[in-house]
Amino acid sequence: MDIDVFVEKFAEAIEVEDASSLTPETSFRDLEEWSSISVMLLIAFYDEEFEKEIGNADILKCNTIRDLYELATA
């Protein structure tokens, strides 16, 4: 999966209404939709899309959507 597809799927996973404004450099924590529920949705997204288990500590190390992508593809 390339980063542009990841951005789209990330937006779907956490239910961002206007995904067109997102870039790999977007700080996901600044998104209006970001909440504790988003963390759970993101964990489920990684499990479903990448068959990869991540936790809150992994997410806390990330700042941008690109960081999340690199976590997924590492």
# chains A, B, ... in the order shown; residues from 1 in each chain; ligands from 1
$ select_by_dssp --residues "chain A" --states "alpha helix (DSSP H)" --output "count of residues only"
40
$ residues_around --residues "Lys61 of chain A" --least-positions-apart "6" --cutoff "12 Å" --atoms "only C-alpha atoms" --output "PyMOL selection string"
chain A and resi 29+54-55+67-68+70-71
$ closest_residue --among "A:Ala72, A:Leu31, A:Ile59, A:Leu42" --to "Ile14 of chain A" --atoms "only C-alpha atoms"
A:Leu42
$ residues_around --residues "Thr73 of chain A" --least-positions-apart "4" --cutoff "10 Å" --atoms "only C-alpha atoms" --output "ChimeraX atom specification"
/A:1-3,50,52,67-69
$ write_last_selection --atoms "N, CA and C atoms" --output "compact mmCIF listing (two decimals), in the first residue's frame"
# COMPACT_ATOMS: atom_id res chain seq x y z
N MET A 1 0.85 -1.17 0.00
CA MET A 1 0.00 0.00 0.00
C MET A 1 0.89 1.23 0.00
N ASP A 2 0.61 2.16 -0.93
CA ASP A 2 1.42 3.38 -0.93
C ASP A 2 0.82 4.39 0.06
N ILE A 3 1.56 5.45 0.30
CA ILE A 3 1.17 6.39 1.36
C ILE A 3 -0.13 7.12 1.06
N PHE A 50 -3.19 -4.76 7.90
CA PHE A 50 -1.78 -5.16 7.88
C PHE A 50 -1.49 -6.41 8.68
N LYS A 52 -1.24 -6.64 11.76
CA LYS A 52 -0.19 -6.17 12.66
C LYS A 52 -0.83 -5.66 13.94
N ASP A 67 4.19 9.06 9.95
CA ASP A 67 4.73 8.22 11.04
C ASP A 67 3.89 6.96 11.22
N LEU A 68 2.58 7.12 11.14
CA LEU A 68 1.69 5.96 11.26
C LEU A 68 1.89 5.01 10.10
N TYR A 69 2.11 5.56 8.91
CA TYR A 69 2.36 4.74 7.73
C TYR A 69 3.65 3.94 7.90
$ residues_around --residues "Ser38 of chain A" --least-positions-apart "6" --cutoff "12 Å" --atoms "only C-alpha atoms" --output "JSON, numbers by chain"
{"A": [10, 11, 12, 13, 14, 15, 16, 28, 29, 31, 32, 44, 45, 56, 59]}
$ closest_residue --among "A:Phe6, A:Thr23, A:Val39, A:Glu17" --to "Leu60 of chain A" --atoms "only C-alpha atoms"
A:Val39
$ residues_around --residues "Pro24 of chain A" --least-positions-apart "3" --cutoff "7 Å" --atoms "only C-alpha atoms" --output "count of residues only"
4
$ atom_distance --atom1 "atom CA of Asn63 of chain A" --atom2 "atom CA of Glu25 of chain A"
8.8 Å
